[in-house]
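This is data-v4.cif (mmCIF, C-alpha atoms and all ligand atoms; chains and numbers go by the auth columns).
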```
data_input
#
loop_
_atom_site.group_PDB
_atom_site.id
_atom_site.type_symbol
_atom_site.label_atom_id
_atom_site.label_comp_id
_atom_site.label_asym_id
_atom_site.label_seq_id
_atom_site.Cartn_x
_atom_site.Cartn_y
_atom_site.Cartn_z
_atom_site.B_iso_or_equiv
_atom_site.auth_seq_id
_atom_site.auth_asym_id
ATOM 1 C CA TYR A 1 -1.938 16.578 13.699 0.00 24 A
ATOM 2 C CA SER A 2 -2.480 12.976 14.700 0.00 25 A
ATOM 3 C CA SER A 3 0.313 10.479 15.149 0.00 26 A
ATOM 4 C CA GLU A 4 -1.332 7.940 12.827 0.00 27 A
ATOM 5 C CA LEU A 5 -1.234 10.515 10.068 0.00 28 A
ATOM 6 C CA GLN A 6 2.374 11.341 10.894 0.00 29 A
ATOM 7 C CA LYS A 7 3.272 7.659 10.842 0.00 30 A
ATOM 8 C CA SER A 8 1.682 7.295 7.452 0.00 31 A
ATOM 9 C CA GLU A 9 3.685 10.242 6.148 0.00 32 A
ATOM 10 C CA GLN A 10 6.912 8.945 7.691 0.00 33 A
ATOM 11 C CA MET A 11 6.238 5.628 6.055 0.00 34 A
ATOM 12 C CA GLU A 12 5.806 7.338 2.716 0.00 35 A
ATOM 13 C CA MET A 13 9.172 9.060 3.246 0.00 36 A
ATOM 14 C CA VAL A 14 10.935 5.840 4.219 0.00 37 A
ATOM 15 C CA SER A 15 9.320 4.206 1.245 0.00 38 A
ATOM 16 C CA HIS A 16 10.587 7.032 -0.949 0.00 39 A
ATOM 17 C CA LEU A 17 14.083 6.518 0.420 0.00 40 A
ATOM 18 C CA ALA A 18 13.878 2.758 -0.037 0.00 41 A
ATOM 19 C CA ALA A 19 12.740 3.105 -3.627 0.00 42 A
ATOM 20 C CA SER A 20 15.584 5.545 -4.352 0.00 43 A
ATOM 21 C CA VAL A 21 18.183 3.300 -2.720 0.00 44 A
ATOM 22 C CA ALA A 22 16.938 0.342 -4.696 0.00 45 A
ATOM 23 C CA HIS A 23 16.951 2.247 -7.938 0.00 46 A
ATOM 24 C CA GLU A 24 20.406 3.803 -7.446 0.00 47 A
ATOM 25 C CA VAL A 25 22.178 0.738 -6.139 0.00 48 A
ATOM 26 C CA LYS A 26 20.672 -2.052 -8.182 0.00 49 A
ATOM 27 C CA ASN A 27 22.030 -0.973 -11.550 0.00 50 A
ATOM 28 C CA PRO A 28 25.724 -0.775 -10.571 0.00 51 A
ATOM 29 C CA LEU A 29 25.307 -4.066 -8.704 0.00 52 A
ATOM 30 C CA GLN A 30 24.058 -5.708 -11.853 0.00 53 A
ATOM 31 C CA VAL A 31 26.879 -4.242 -13.944 0.00 54 A
ATOM 32 C CA THR A 32 29.508 -5.394 -11.451 0.00 55 A
ATOM 33 C CA ARG A 33 27.991 -8.843 -11.367 0.00 56 A
ATOM 34 C CA GLY A 34 28.210 -9.134 -15.129 0.00 57 A
ATOM 35 C CA PHE A 35 31.825 -7.980 -15.078 0.00 58 A
ATOM 36 C CA LEU A 36 32.803 -10.514 -12.423 0.00 59 A
ATOM 37 C CA GLN A 37 31.074 -13.235 -14.388 0.00 60 A
ATOM 38 C CA LEU A 38 33.157 -12.332 -17.446 0.00 61 A
ATOM 39 C CA LEU A 39 36.394 -12.504 -15.464 0.00 62 A
ATOM 40 C CA GLY A 40 35.291 -15.792 -13.935 0.00 63 A
ATOM 41 C CA GLY A 41 34.974 -17.270 -17.414 0.00 64 A
ATOM 42 C CA ARG A 42 38.714 -16.746 -18.003 0.00 65 A
ATOM 43 C CA ASN A 43 39.693 -19.650 -15.832 0.00 66 A
ATOM 44 C CA VAL A 44 42.104 -17.903 -13.485 0.00 67 A
ATOM 45 C CA ALA A 45 41.963 -20.778 -11.034 0.00 68 A
ATOM 46 C CA SER A 46 43.113 -19.026 -7.812 0.00 69 A
ATOM 47 C CA HIS A 47 40.751 -16.116 -8.311 0.00 70 A
ATOM 48 C CA LYS A 48 37.698 -18.170 -9.082 0.00 71 A
ATOM 49 C CA ASN A 49 36.766 -18.876 -5.500 0.00 72 A
ATOM 50 C CA TYR A 50 36.896 -15.222 -4.525 0.00 73 A
ATOM 51 C CA MET A 51 34.910 -14.198 -7.525 0.00 74 A
ATOM 52 C CA GLY A 52 32.267 -16.781 -6.696 0.00 75 A
ATOM 53 C CA LEU A 53 32.023 -15.334 -3.221 0.00 76 A
ATOM 54 C CA ALA A 54 31.889 -11.789 -4.579 0.00 77 A
ATOM 55 C CA ILE A 55 28.973 -12.755 -6.809 0.00 78 A
ATOM 56 C CA GLN A 56 27.207 -14.394 -3.881 0.00 79 A
ATOM 57 C CA GLU A 57 27.658 -11.253 -1.817 0.00 80 A
ATOM 58 C CA LEU A 58 26.363 -9.027 -4.592 0.00 81 A
ATOM 59 C CA ASP A 59 23.291 -11.228 -4.900 0.00 82 A
ATOM 60 C CA ARG A 60 22.806 -10.970 -1.157 0.00 83 A
ATOM 61 C CA ALA A 61 23.028 -7.171 -1.307 0.00 84 A
ATOM 62 C CA ALA A 62 20.375 -7.170 -4.020 0.00 85 A
ATOM 63 C CA GLU A 63 18.184 -9.392 -1.833 0.00 86 A
ATOM 64 C CA ILE A 64 18.564 -7.017 1.095 0.00 87 A
ATOM 65 C CA ILE A 65 17.450 -4.151 -1.097 0.00 88 A
ATOM 66 C CA ASP A 66 14.444 -6.110 -2.320 0.00 89 A
ATOM 67 C CA GLY A 67 13.671 -6.920 1.294 0.00 90 A
ATOM 68 C CA PHE A 68 13.842 -3.252 2.228 0.00 91 A
ATOM 69 C CA LEU A 69 11.323 -2.484 -0.513 0.00 92 A
ATOM 70 C CA ASP A 70 9.014 -5.108 0.942 0.00 93 A
ATOM 71 C CA PHE A 71 9.150 -3.534 4.408 0.00 94 A
ATOM 72 C CA ALA A 72 5.542 -2.438 4.114 0.00 95 A
ATOM 73 C CA LYS A 73 4.383 -6.024 4.052 0.00 96 A
ATOM 74 C CA PRO A 74 3.176 -6.973 7.501 0.00 97 A
ATOM 75 C CA GLN A 75 4.317 -10.317 8.851 0.00 98 A
ATOM 76 C CA THR A 76 1.429 -12.736 9.231 0.00 99 A
ATOM 77 C CA GLU A 77 2.622 -13.462 12.796 0.00 100 A
ATOM 78 C CA ASP A 78 1.415 -10.056 14.016 0.00 101 A
ATOM 79 C CA PHE A 79 -2.034 -10.550 12.509 0.00 102 A
ATOM 80 C CA LYS A 80 -4.849 -10.028 14.984 0.00 103 A
ATOM 81 C CA ASP A 81 -8.639 -9.875 14.762 0.00 104 A
ATOM 82 C CA LEU A 82 -9.435 -6.326 13.687 0.00 105 A
ATOM 83 C CA ASN A 83 -12.820 -4.676 13.801 0.00 106 A
ATOM 84 C CA ILE A 84 -13.175 -2.729 10.550 0.00 107 A
ATOM 85 C CA GLU A 85 -15.799 -0.454 12.107 0.00 108 A
ATOM 86 C CA ASP A 86 -13.351 0.626 14.866 0.00 109 A
ATOM 87 C CA GLU A 87 -10.495 1.127 12.429 0.00 110 A
ATOM 88 C CA LEU A 88 -12.644 3.231 10.116 0.00 111 A
ATOM 89 C CA GLN A 89 -13.983 5.324 13.004 0.00 112 A
ATOM 90 C CA GLN A 90 -10.427 6.131 14.072 0.00 113 A
ATOM 91 C CA ILE A 91 -9.378 7.034 10.545 0.00 114 A
ATOM 92 C CA THR A 92 -12.440 9.212 10.070 0.00 115 A
ATOM 93 C CA SER A 93 -11.662 11.219 13.201 0.00 116 A
ATOM 94 C CA ILE A 94 -8.002 11.524 12.193 0.00 117 A
ATOM 95 C CA LEU A 95 -8.828 12.820 8.720 0.00 118 A
ATOM 96 C CA THR A 96 -12.019 14.837 9.263 0.00 119 A
ATOM 97 C CA PRO A 97 -10.124 18.026 10.259 0.00 120 A
ATOM 98 C CA LEU A 98 -8.069 17.719 7.068 0.00 121 A
ATOM 99 C CA ALA A 99 -11.234 17.360 4.968 0.00 122 A
ATOM 100 C CA GLN A 100 -12.872 20.297 6.750 0.00 123 A
ATOM 101 C CA ARG A 101 -9.880 22.504 6.013 0.00 124 A
ATOM 102 C CA LYS A 102 -10.693 21.910 2.329 0.00 125 A
ATOM 103 C CA GLY A 103 -14.353 22.675 2.963 0.00 126 A
ATOM 104 C CA GLY A 104 -15.295 19.028 2.638 0.00 127 A
ATOM 105 C CA GLN A 105 -16.729 16.323 4.857 0.00 128 A
ATOM 106 C CA ILE A 106 -16.424 12.597 5.517 0.00 129 A
ATOM 107 C CA GLU A 107 -19.446 10.362 6.134 0.00 130 A
ATOM 108 C CA LEU A 108 -18.955 6.935 7.642 0.00 131 A
ATOM 109 C CA SER A 109 -21.414 4.079 7.610 0.00 132 A
ATOM 110 C CA ALA A 110 -19.888 0.855 8.841 0.00 133 A
ATOM 111 C CA GLU A 111 -20.998 -2.325 10.526 0.00 134 A
ATOM 112 C CA PRO A 112 -18.749 -4.365 12.819 0.00 135 A
ATOM 113 C CA ILE A 113 -16.818 -6.765 10.623 0.00 136 A
ATOM 114 C CA PHE A 114 -13.758 -8.706 11.656 0.00 137 A
ATOM 115 C CA ILE A 115 -10.734 -9.434 9.525 0.00 138 A
ATOM 116 C CA LYS A 116 -7.255 -10.767 10.287 0.00 139 A
ATOM 117 C CA GLY A 117 -4.541 -8.166 9.906 0.00 140 A
ATOM 118 C CA ASN A 118 -2.206 -5.619 11.377 0.00 141 A
ATOM 119 C CA SER A 119 -4.002 -2.547 12.741 0.00 142 A
ATOM 120 C CA THR A 120 -1.217 -0.003 12.127 0.00 143 A
ATOM 121 C CA LYS A 121 -0.624 -1.166 8.573 0.00 144 A
ATOM 122 C CA LEU A 122 -4.350 -1.291 7.772 0.00 145 A
ATOM 123 C CA LYS A 123 -4.758 2.261 9.080 0.00 146 A
ATOM 124 C CA GLN A 124 -1.783 3.423 7.024 0.00 147 A
ATOM 125 C CA ALA A 125 -3.281 1.883 3.881 0.00 148 A
ATOM 126 C CA LEU A 126 -6.725 3.406 4.495 0.00 149 A
ATOM 127 C CA ILE A 127 -5.274 6.805 5.424 0.00 150 A
ATOM 128 C CA ASN A 128 -3.373 6.908 2.123 0.00 151 A
ATOM 129 C CA ILE A 129 -6.592 6.155 0.218 0.00 152 A
ATOM 130 C CA VAL A 130 -8.770 8.663 2.051 0.00 153 A
ATOM 131 C CA LYS A 131 -6.046 11.350 1.982 0.00 154 A
ATOM 132 C CA ASN A 132 -5.967 11.073 -1.805 0.00 155 A
ATOM 133 C CA SER A 133 -9.738 11.555 -1.823 0.00 156 A
ATOM 134 C CA ILE A 134 -9.392 14.653 0.362 0.00 157 A
ATOM 135 C CA GLU A 135 -6.692 16.047 -1.923 0.00 158 A
ATOM 136 C CA ALA A 136 -8.994 15.458 -4.905 0.00 159 A
ATOM 137 C CA LEU A 137 -12.014 17.224 -3.337 0.00 160 A
ATOM 138 C CA PRO A 138 -13.589 20.348 -4.767 0.00 161 A
ATOM 139 C CA GLN A 139 -15.262 22.917 -2.484 0.00 162 A
ATOM 140 C CA ASP A 140 -18.222 21.273 -0.705 0.00 163 A
ATOM 141 C CA GLY A 141 -16.701 17.927 -1.484 0.00 164 A
ATOM 142 C CA LYS A 142 -17.910 14.740 0.129 0.00 165 A
ATOM 143 C CA ILE A 143 -16.257 11.446 0.949 0.00 166 A
ATOM 144 C CA GLU A 144 -18.457 8.496 1.801 0.00 167 A
ATOM 145 C CA ILE A 145 -17.008 5.446 3.482 0.00 168 A
ATOM 146 C CA PHE A 146 -19.044 2.235 3.735 0.00 169 A
ATOM 147 C CA ALA A 147 -18.170 -1.096 5.262 0.00 170 A
ATOM 148 C CA LYS A 148 -20.369 -4.140 4.882 0.00 171 A
ATOM 149 C CA LEU A 149 -20.065 -7.867 5.385 0.00 172 A
ATOM 150 C CA PHE A 150 -20.920 -10.010 2.397 0.00 173 A
ATOM 151 C CA THR A 151 -21.006 -13.807 2.578 0.00 174 A
ATOM 152 C CA ASP A 152 -17.356 -14.301 3.489 0.00 175 A
ATOM 153 C CA GLU A 153 -15.896 -10.951 2.540 0.00 176 A
ATOM 154 C CA ALA A 154 -15.486 -7.617 4.265 0.00 177 A
ATOM 155 C CA VAL A 155 -16.060 -4.890 1.704 0.00 178 A
ATOM 156 C CA ILE A 156 -14.941 -1.306 2.258 0.00 179 A
ATOM 157 C CA LEU A 157 -15.942 1.403 -0.207 0.00 180 A
ATOM 158 C CA VAL A 158 -14.423 4.880 -0.334 0.00 181 A
ATOM 159 C CA LYS A 159 -16.291 7.200 -2.665 0.00 182 A
ATOM 160 C CA ASP A 160 -15.408 10.805 -3.413 0.00 183 A
ATOM 161 C CA ASN A 161 -16.837 13.463 -5.705 0.00 184 A
ATOM 162 C CA GLY A 162 -13.401 14.867 -6.464 0.00 185 A
ATOM 163 C CA VAL A 163 -11.448 15.549 -9.648 0.00 186 A
ATOM 164 C CA GLY A 164 -11.498 11.902 -10.766 0.00 187 A
ATOM 165 C CA MET A 165 -9.102 10.285 -13.225 0.00 188 A
ATOM 166 C CA THR A 166 -9.006 9.476 -16.927 0.00 189 A
ATOM 167 C CA GLU A 167 -8.578 5.889 -18.092 0.00 190 A
ATOM 168 C CA SER A 168 -4.845 6.406 -18.678 0.00 191 A
ATOM 169 C CA GLU A 169 -4.328 8.113 -15.293 0.00 192 A
ATOM 170 C CA LEU A 170 -6.173 5.234 -13.662 0.00 193 A
ATOM 171 C CA LYS A 171 -3.793 2.720 -15.219 0.00 194 A
ATOM 172 C CA ARG A 172 -0.781 4.415 -13.624 0.00 195 A
ATOM 173 C CA ILE A 173 -1.867 4.588 -9.985 0.00 196 A
ATOM 174 C CA GLY A 174 0.256 2.467 -7.663 0.00 197 A
ATOM 175 C CA GLN A 175 3.293 2.711 -9.928 0.00 198 A
ATOM 176 C CA PRO A 176 6.234 4.041 -7.914 0.00 199 A
ATOM 177 C CA TYR A 177 6.606 7.832 -8.362 0.00 200 A
ATOM 178 C CA TYR A 178 3.407 8.259 -10.366 0.00 201 A
ATOM 179 C CA THR A 179 1.885 11.493 -9.107 0.00 202 A
ATOM 180 C CA SER A 180 -0.203 14.270 -10.611 0.00 203 A
ATOM 181 C CA LYS A 181 0.510 16.552 -7.639 0.00 204 A
ATOM 182 C CA GLU A 182 3.124 19.264 -7.341 0.00 205 A
ATOM 183 C CA ASN A 183 4.238 17.976 -3.930 0.00 206 A
ATOM 184 C CA GLY A 184 3.230 14.357 -4.371 0.00 207 A
ATOM 185 C CA THR A 185 5.544 11.395 -3.833 0.00 208 A
ATOM 186 C CA GLY A 186 3.638 8.927 -5.982 0.00 209 A
ATOM 187 C CA LEU A 187 4.387 6.273 -3.371 0.00 210 A
ATOM 188 C CA GLY A 188 1.248 6.312 -1.221 0.00 211 A
ATOM 189 C CA LEU A 189 -0.734 3.843 -3.286 0.00 212 A
ATOM 190 C CA MET A 190 2.282 1.629 -3.963 0.00 213 A
ATOM 191 C CA VAL A 191 2.582 1.122 -0.190 0.00 214 A
ATOM 192 C CA THR A 192 -1.190 0.762 0.147 0.00 215 A
ATOM 193 C CA PHE A 193 -1.447 -1.937 -2.531 0.00 216 A
ATOM 194 C CA GLN A 194 1.404 -3.875 -0.894 0.00 217 A
ATOM 195 C CA ILE A 195 -0.238 -3.740 2.529 0.00 218 A
ATOM 196 C CA ILE A 196 -3.651 -4.865 1.261 0.00 219 A
ATOM 197 C CA GLU A 197 -2.154 -7.685 -0.770 0.00 220 A
ATOM 198 C CA ALA A 198 -0.116 -8.881 2.225 0.00 221 A
ATOM 199 C CA MET A 199 -3.349 -9.100 4.239 0.00 222 A
ATOM 200 C CA GLY A 200 -4.883 -11.317 1.558 0.00 223 A
ATOM 201 C CA GLY A 201 -7.145 -8.529 0.319 0.00 224 A
ATOM 202 C CA GLY A 202 -7.809 -6.844 -2.991 0.00 225 A
ATOM 203 C CA ILE A 203 -8.341 -3.275 -4.158 0.00 226 A
ATOM 204 C CA GLU A 204 -10.004 -1.822 -7.238 0.00 227 A
ATOM 205 C CA TYR A 205 -10.323 1.759 -8.477 0.00 228 A
ATOM 206 C CA THR A 206 -13.057 3.071 -10.738 0.00 229 A
ATOM 207 C CA SER A 207 -13.096 6.719 -11.655 0.00 230 A
ATOM 208 C CA GLN A 208 -14.442 9.297 -14.052 0.00 231 A
ATOM 209 C CA LYS A 209 -12.670 12.544 -14.821 0.00 232 A
ATOM 210 C CA GLY A 210 -14.548 15.423 -13.241 0.00 233 A
ATOM 211 C CA GLN A 211 -17.007 13.092 -11.472 0.00 234 A
ATOM 212 C CA GLY A 212 -15.163 11.304 -8.724 0.00 235 A
ATOM 213 C CA THR A 213 -13.526 8.087 -7.678 0.00 236 A
ATOM 214 C CA LEU A 214 -14.706 4.865 -6.069 0.00 237 A
ATOM 215 C CA VAL A 215 -12.255 2.598 -4.272 0.00 238 A
ATOM 216 C CA SER A 216 -13.402 -0.944 -3.440 0.00 239 A
ATOM 217 C CA ILE A 217 -11.379 -2.927 -0.962 0.00 240 A
ATOM 218 C CA ARG A 218 -12.081 -6.538 -0.071 0.00 241 A
ATOM 219 C CA PHE A 219 -10.694 -8.695 2.732 0.00 242 A
ATOM 220 C CA PRO A 220 -11.493 -12.273 3.656 0.00 243 A
ATOM 221 C CA SER A 221 -13.812 -11.992 6.636 0.00 244 A
ATOM 222 C CA ALA A 222 -12.968 -13.571 9.993 0.00 245 A
ATOM 223 C CA ASN A 223 -16.603 -13.264 11.162 0.00 246 A
ATOM 224 C CA VAL A 224 -17.567 -16.769 10.133 0.00 247 A
ATOM 225 C CA GLN A 225 -15.705 -19.263 12.285 0.00 248 A
ATOM 226 C CA LYS A 226 -14.519 -22.240 10.271 0.00 249 A
ATOM 227 C CA LYS A 227 -15.616 -25.626 11.664 0.00 250 A
ATOM 228 C CA PRO A 228 -12.753 -27.300 13.525 0.00 251 A
ATOM 229 C CA LEU A 229 -11.362 -30.373 11.811 0.00 252 A
ATOM 230 C CA MET A 230 -12.766 -33.643 13.226 0.00 253 A
ATOM 231 C CA ASN A 231 -10.326 -35.902 15.007 0.00 254 A
ATOM 232 C CA GLN A 232 -9.561 -38.812 12.720 0.00 255 A
ATOM 233 C CA THR A 233 -9.715 -42.051 14.669 0.00 256 A
ATOM 234 C CA SER A 234 -9.317 -44.625 11.906 0.00 257 A
HETATM 235 P P1 LIG B . 0.521 11.058 -4.306 0.00 301 A
HETATM 236 O O1 LIG B . -0.707 11.235 -3.462 0.00 301 A
HETATM 237 O O2 LIG B . 1.773 11.414 -3.566 0.00 301 A
HETATM 238 O O3 LIG B . 0.421 11.735 -5.628 0.00 301 A
HETATM 239 P P2 LIG B . -0.399 8.335 -4.514 0.00 301 A
HETATM 240 O O4 LIG B . 0.304 7.057 -4.825 0.00 301 A
HETATM 241 O O5 LIG B . -1.124 8.429 -3.219 0.00 301 A
HETATM 242 O O6 LIG B . 0.678 9.491 -4.631 0.00 301 A
HETATM 243 O O7 LIG B . -1.425 8.651 -5.683 0.00 301 A
HETATM 244 C C1 LIG B . -0.976 8.654 -7.018 0.00 301 A
HETATM 245 C C2 LIG B . -1.879 9.464 -7.916 0.00 301 A
HETATM 246 O O8 LIG B . -3.124 8.809 -8.098 0.00 301 A
HETATM 247 C C3 LIG B . -2.247 10.842 -7.392 0.00 301 A
HETATM 248 O O9 LIG B . -1.232 11.799 -7.667 0.00 301 A
HETATM 249 C C4 LIG B . -3.527 11.148 -8.152 0.00 301 A
HETATM 250 O O10 LIG B . -3.231 11.629 -9.435 0.00 301 A
HETATM 251 C C5 LIG B . -4.137 9.765 -8.315 0.00 301 A
HETATM 252 N N1 LIG B . -5.233 9.542 -7.342 0.00 301 A
HETATM 253 C C6 LIG B . -5.216 8.693 -6.292 0.00 301 A
HETATM 254 N N2 LIG B . -6.386 8.723 -5.622 0.00 301 A
HETATM 255 C C7 LIG B . -7.181 9.602 -6.264 0.00 301 A
HETATM 256 C C8 LIG B . -8.518 10.080 -6.051 0.00 301 A
HETATM 257 N N3 LIG B . -9.288 9.631 -5.041 0.00 301 A
HETATM 258 N N4 LIG B . -9.017 10.983 -6.941 0.00 301 A
HETATM 259 C C9 LIG B . -8.266 11.430 -7.968 0.00 301 A
HETATM 260 N N5 LIG B . -6.997 11.036 -8.211 0.00 301 A
HETATM 261 C C10 LIG B . -6.444 10.125 -7.376 0.00 301 A
HETATM 262 MG MG MG B . -1.281 10.057 -1.822 0.00 302 A
#
```
Represent the supplied structure as structure tokens.
Amino acid sequence: YSSELQKSEQMEMVSHLAASVAHEVKNPLQVTRGFLQLLGGRNVASHKNYMGLAIQELDRAAEIIDGFLDFAKPQTEDFKDLNIEDELQQITSILTPLAQRKGGQIELSAEPIFIKGNSTKLKQALINIVKNSIEALPQDGKIEIFAKLFTDEAVILVKDNGVGMTESELKRIGQPYYTSKENGTGLGLMVTFQIIEAMGGGIEYTSQKGQGTLVSIRFPSANVQKKPLMNQTS
């Protein structure tokens, strides 16, 4: 059991906890805020200051909770040049034993493409995607992963011949707690979408029930060096 896979699962658990905390605590906070606002309207001069502070503090608590939910978003300061080919090779070796246990296989065909991002977070996002494919596989299932550089975009495709999704199932992926699995958390793709968005990328799912699923992920490429700005001398 690899540590990257464990990290991804831990992250899903923390994310689960964060989503629960947010859900449980936000409602009473909002109710209390409304109540304080009502009292504040009654013009009890000496209490007004304290109530103002109480409201400020409640708002701050709500912000902290929102911040906790955003924990998956990598900070742009830790962005480095990442080689997609390397990242995908690592993920493939982490997940191949899992696929084989289901009687399936993973095929990787990637070229070296560079993007700016956080390696751990990118791996977590990709592991979540490929793990879903593995969990969807039938016997003799196959997952194909491609990575290719287009003009200024790195494109990663993850294709499986698994159970697929209906139109209405497809619409719900990425929503917190949406899962079709008995032991699912329904948080994997929520985290994944956040990570990809924070890296300036995009993700799209197409799927057909009983046929399989295709995931397309795009990142701005860092392969093409932008021309440095000319020194203005005028
Ligand atoms: P979980 O895996 O815990 O259910 P996810 O957020 O990772 O949560 O996925 C949500 C749901 O999206 C899954 O339960 C499954 O129904 C659907 N899904 C995601 N990827 C695939 C896939 N490759 N093939 C079929 N269904 C998928
Ligand atoms: Mg999942």
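Residues matched by the PyMOL selection byres (((chain A and resi 179-181) around 9) and not hetatm) in this structure: Ile107, Ala133, Ile152, Val153, Ser156, Ile166, Glu167, Ile168, Phe169, Ala170, Lys171, Leu172, Ala177, Val178, Lys182, Asp183, Thr236, Leu237, Val238, Ser239, Ile240, Arg241 and Phe242 of chain A.
Where the distance criterion is 6 Å and the atoms used are all atoms listed in the file, the residues close to ligand MG 302 (chain A) are Asn151, Asn155 and Gly211 of chain A.
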Would you save the residues from that selection as a JSON list (two decimals), in the frame of the given file, using C-alpha atoms?
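Result file is part_23.json:
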```
[["chain", "number", "residue", "atom", "x", "y", "z"],
["A", 151, "ASN", "CA", -3.37, 6.91, 2.12],
["A", 155, "ASN", "CA", -5.97, 11.07, -1.80],
["A", 211, "GLY", "CA", 1.25, 6.31, -1.22]]
```
Original post:
In Å, with one decimal, what is the gap from atom CA of Gly75 of chain A to atom CA of Gly63 of chain A?
Top reply: 7.9 Å
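For the choices A:Gln128, A:Gln79, A:Gln53, A:Ser142, the atom-to-atom distance to Asp109 of chain A is smallest for A:Ser142 when using all atoms listed in the file.
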**OP:** For the point (-13.1, 0.8, 9.9) in the file's frame, write as an NGL selection string all residues with an atom no more than 10 Å away, counting all atoms listed in the file.
**Re:** :A and (105-115 or 131-137 or 145-146 or 149 or 168-170 or 179)
